[in-house]
Amino acid sequence: MVVDGQGGPLGVVIAGANVLERRLLKETIEAIVVERPEPTAEDPQPMCLDGGYDNPTGRGAATEAKYHPHIHKGKEVVKPGDRKPGHKPRRWVVERTFAWLSKCRGILVRYDKKDTNYLGLIQFACALYWYRRLDRLRQTSANQNPT
C-alpha cells in the first residue's frame, strides 16, 4: 500500500503471502489512482521506505517512478531531542492505515476466493476512508467559517 503523509491510501495491490513486498513496489506505485504533480529539481517528491527496500530493486522502482527514495535503515535511531524542529517522524503511517482497514471485518479475514473481489473490497474501504476524511475536513472548515 502507498499512502500520503497523513496515511490516506493512494494505491494498493495484493499478492500471496509468499511474495516479498519489495518485489511489489513497482506494481504498487503503478496502482496509485491519483494523478500527481510532475516532480522538479526544486521540488522533488520523496518516498519514505523501510529497510526492506534497501536494495537495487527497491531503489530502482522508486527512482524509475521519479520519486526520491528515503530508506530508513534499522540501525538509524533518532532520539526525540535530536529531531529537527517542525519535522514530524514519519514512522508507522502505513501501519496506522492497515490498522484502520483491519477494522473492516471483510478485510481482516479474507473470505473471498477471488483476488479481484478482495481487492475491490479493499479499494472500497479506502474510498470510504477518503470520504470520511474529506467530510471531516468539510465539517471542520464549516464550523470555523460560519456564514
# chains A, B, ... in the order shown; residues from 1 in each chain; ligands from 1
call {"tool": "residues_around", "arguments": {"residues": "segment 123-133 of chain A", "least_positions_apart": "4", "cutoff": "9 Å", "atoms": "only C-alpha atoms", "output": "ChimeraX atom specification"}}
result
/A:8-12,100-101,104,107,118-119,137-138
call {"tool": "select_by_dssp", "arguments": {"residues": "segment 4-142 of chain A", "states": "alpha helix (DSSP H)", "output": "compact mmCIF listing (two decimals) with N, CA and C atoms, in the first residue's frame"}}
result
# COMPACT_ATOMS: atom_id res chain seq x y z
N LEU A 25 6.89 -3.29 -5.19
CA LEU A 25 6.95 -1.84 -5.12
C LEU A 25 6.58 -1.19 -6.44
N LYS A 26 7.09 -1.71 -7.54
CA LYS A 26 6.78 -1.12 -8.85
C LYS A 26 5.28 -1.21 -9.14
N GLU A 27 4.67 -2.36 -8.88
CA GLU A 27 3.23 -2.53 -9.12
C GLU A 27 2.42 -1.64 -8.19
N THR A 28 2.89 -1.46 -6.96
CA THR A 28 2.18 -0.62 -6.01
C THR A 28 2.21 0.84 -6.45
N ILE A 29 3.35 1.29 -6.93
CA ILE A 29 3.44 2.67 -7.42
C ILE A 29 2.55 2.85 -8.64
N GLU A 30 2.50 1.85 -9.50
CA GLU A 30 1.65 1.94 -10.68
C GLU A 30 0.16 1.90 -10.32
N PRO A 56 18.82 -2.80 -4.75
CA PRO A 56 18.69 -2.20 -6.08
C PRO A 56 17.26 -2.25 -6.64
N THR A 57 16.51 -3.28 -6.31
CA THR A 57 15.13 -3.38 -6.81
C THR A 57 14.26 -2.27 -6.23
N GLY A 58 14.34 -2.06 -4.92
CA GLY A 58 13.54 -1.02 -4.26
C GLY A 58 13.93 0.37 -4.70
N ARG A 59 15.23 0.64 -4.68
CA ARG A 59 15.69 1.97 -5.11
C ARG A 59 15.37 2.21 -6.58
N GLY A 60 15.55 1.18 -7.40
CA GLY A 60 15.29 1.33 -8.83
C GLY A 60 13.83 1.61 -9.13
N ALA A 61 12.92 0.93 -8.43
CA ALA A 61 11.49 1.14 -8.66
C ALA A 61 11.08 2.56 -8.25
N ALA A 62 11.65 3.06 -7.16
CA ALA A 62 11.30 4.41 -6.70
C ALA A 62 11.86 5.47 -7.64
N THR A 63 13.11 5.33 -8.04
CA THR A 63 13.70 6.33 -8.93
C THR A 63 13.12 6.26 -10.33
N GLU A 64 12.74 5.08 -10.77
CA GLU A 64 12.12 4.95 -12.09
C GLU A 64 10.77 5.69 -12.14
N VAL A 93 3.10 5.23 9.48
CA VAL A 93 1.97 5.84 8.79
C VAL A 93 1.19 4.76 8.04
N VAL A 94 1.90 3.88 7.35
CA VAL A 94 1.23 2.81 6.61
C VAL A 94 0.60 1.82 7.58
N GLU A 95 1.28 1.51 8.67
CA GLU A 95 0.74 0.56 9.64
C GLU A 95 -0.54 1.10 10.27
N ARG A 96 -0.60 2.41 10.47
CA ARG A 96 -1.82 3.01 11.02
C ARG A 96 -2.98 2.85 10.06
N THR A 97 -2.71 2.99 8.75
CA THR A 97 -3.75 2.79 7.75
C THR A 97 -4.18 1.34 7.71
N PHE A 98 -3.22 0.41 7.79
CA PHE A 98 -3.57 -1.01 7.85
C PHE A 98 -4.42 -1.31 9.09
N ALA A 99 -4.12 -0.67 10.21
CA ALA A 99 -4.90 -0.88 11.43
C ALA A 99 -6.33 -0.39 11.23
N TRP A 100 -6.50 0.74 10.54
CA TRP A 100 -7.85 1.22 10.28
C TRP A 100 -8.59 0.25 9.36
N LEU A 101 -7.91 -0.22 8.33
CA LEU A 101 -8.54 -1.15 7.40
C LEU A 101 -8.88 -2.48 8.06
N ARG A 105 -14.44 -5.92 8.84
CA ARG A 105 -14.42 -7.37 9.05
C ARG A 105 -14.11 -8.17 7.80
N GLY A 106 -14.59 -7.72 6.66
CA GLY A 106 -14.35 -8.45 5.42
C GLY A 106 -12.91 -8.41 4.95
N ILE A 107 -12.15 -7.45 5.48
CA ILE A 107 -10.75 -7.32 5.09
C ILE A 107 -9.84 -8.04 6.07
N LEU A 108 -10.19 -8.00 7.35
CA LEU A 108 -9.35 -8.63 8.36
C LEU A 108 -9.15 -10.11 8.09
N ASP A 115 -9.29 -13.04 -6.11
CA ASP A 115 -8.43 -11.89 -5.79
C ASP A 115 -9.10 -10.57 -6.13
N THR A 116 -9.80 -10.53 -7.26
CA THR A 116 -10.41 -9.27 -7.70
C THR A 116 -11.51 -8.82 -6.74
N ASN A 117 -12.25 -9.75 -6.17
CA ASN A 117 -13.29 -9.38 -5.20
C ASN A 117 -12.66 -8.80 -3.93
N TYR A 118 -11.59 -9.43 -3.46
CA TYR A 118 -10.92 -8.94 -2.26
C TYR A 118 -10.28 -7.58 -2.50
N LEU A 119 -9.63 -7.42 -3.66
CA LEU A 119 -9.03 -6.12 -3.99
C LEU A 119 -10.11 -5.05 -4.10
N GLY A 120 -11.24 -5.38 -4.68
CA GLY A 120 -12.35 -4.42 -4.77
C GLY A 120 -12.85 -4.01 -3.40
N LEU A 121 -12.90 -4.94 -2.47
CA LEU A 121 -13.33 -4.63 -1.10
C LEU A 121 -12.33 -3.70 -0.42
N ILE A 122 -11.05 -3.95 -0.63
CA ILE A 122 -10.02 -3.08 -0.05
C ILE A 122 -10.12 -1.68 -0.67
N GLN A 123 -10.30 -1.61 -1.98
CA GLN A 123 -10.42 -0.31 -2.64
C GLN A 123 -11.67 0.43 -2.18
N PHE A 124 -12.74 -0.28 -1.96
CA PHE A 124 -13.97 0.34 -1.44
C PHE A 124 -13.73 0.90 -0.04
N ALA A 125 -13.03 0.15 0.80
CA ALA A 125 -12.71 0.62 2.16
C ALA A 125 -11.81 1.85 2.11
N CYS A 126 -10.87 1.88 1.16
CA CYS A 126 -10.00 3.06 1.01
C CYS A 126 -10.80 4.28 0.55
N ALA A 127 -11.77 4.06 -0.36
CA ALA A 127 -12.63 5.16 -0.80
C ALA A 127 -13.47 5.67 0.36
N LEU A 128 -13.94 4.77 1.20
CA LEU A 128 -14.70 5.17 2.38
C LEU A 128 -13.82 5.98 3.33
N TYR A 129 -12.57 5.57 3.47
CA TYR A 129 -11.62 6.33 4.30
C TYR A 129 -11.51 7.78 3.80
N TRP A 130 -11.32 7.94 2.47
CA TRP A 130 -11.19 9.29 1.91
C TRP A 130 -12.47 10.08 2.06
N TYR A 131 -13.62 9.45 1.89
CA TYR A 131 -14.90 10.14 2.04
C TYR A 131 -15.04 10.67 3.45
N ARG A 132 -14.75 9.83 4.44
CA ARG A 132 -14.86 10.26 5.84
C ARG A 132 -13.85 11.36 6.16
N ARG A 133 -12.66 11.23 5.62
CA ARG A 133 -11.62 12.24 5.87
C ARG A 133 -12.01 13.59 5.27
N LEU A 134 -12.49 13.59 4.03
CA LEU A 134 -12.88 14.84 3.38
C LEU A 134 -14.14 15.43 4.02
N ASP A 135 -15.06 14.58 4.46
CA ASP A 135 -16.26 15.05 5.14
C ASP A 135 -15.89 15.71 6.47
N ARG A 136 -14.93 15.11 7.17
CA ARG A 136 -14.46 15.68 8.44
C ARG A 136 -13.82 17.04 8.20
N LEU A 137 -13.03 17.17 7.13
CA LEU A 137 -12.40 18.46 6.81
C LEU A 137 -13.46 19.50 6.43
N ARG A 138 -14.48 19.07 5.69
CA ARG A 138 -15.54 19.99 5.29
C ARG A 138 -16.30 20.49 6.51
N GLN A 139 -16.60 19.60 7.45
CA GLN A 139 -17.32 20.00 8.65
C GLN A 139 -16.47 20.92 9.52
N THR A 140 -15.18 20.65 9.59
CA THR A 140 -14.29 21.49 10.38
C THR A 140 -14.21 22.90 9.80
N SER A 141 -14.09 22.98 8.47
CA SER A 141 -14.00 24.30 7.84
C SER A 141 -15.33 25.04 7.93
N ALA A 142 -16.45 24.33 7.88
CA ALA A 142 -17.75 24.97 8.03
C ALA A 142 -17.96 25.51 9.43
call {"tool": "atom_distance", "arguments": {"atom1": "atom CA of Thr40 of chain A", "atom2": "atom CA of Gly5 of chain A"}}
result
19.1 Å
call {"tool": "residues_around", "arguments": {"residues": "Lys66 of chain A", "least_positions_apart": "5", "cutoff": "9 Å", "atoms": "only C-alpha atoms", "output": "list in words"}}
result
Glu38, Pro39, Pro44, Gln45 and Ala61 of chain A
call {"tool": "closest_residue", "arguments": {"among": "A:Ile71, A:Leu20, A:Val13, A:Val3", "to": "Asp50 of chain A", "atoms": "only C-alpha atoms"}}
result
A:Ile71
call {"tool": "atom_distance", "arguments": {"atom1": "atom CA of Arg36 of chain A", "atom2": "atom CA of Tyr53 of chain A"}}
result
22.2 Å
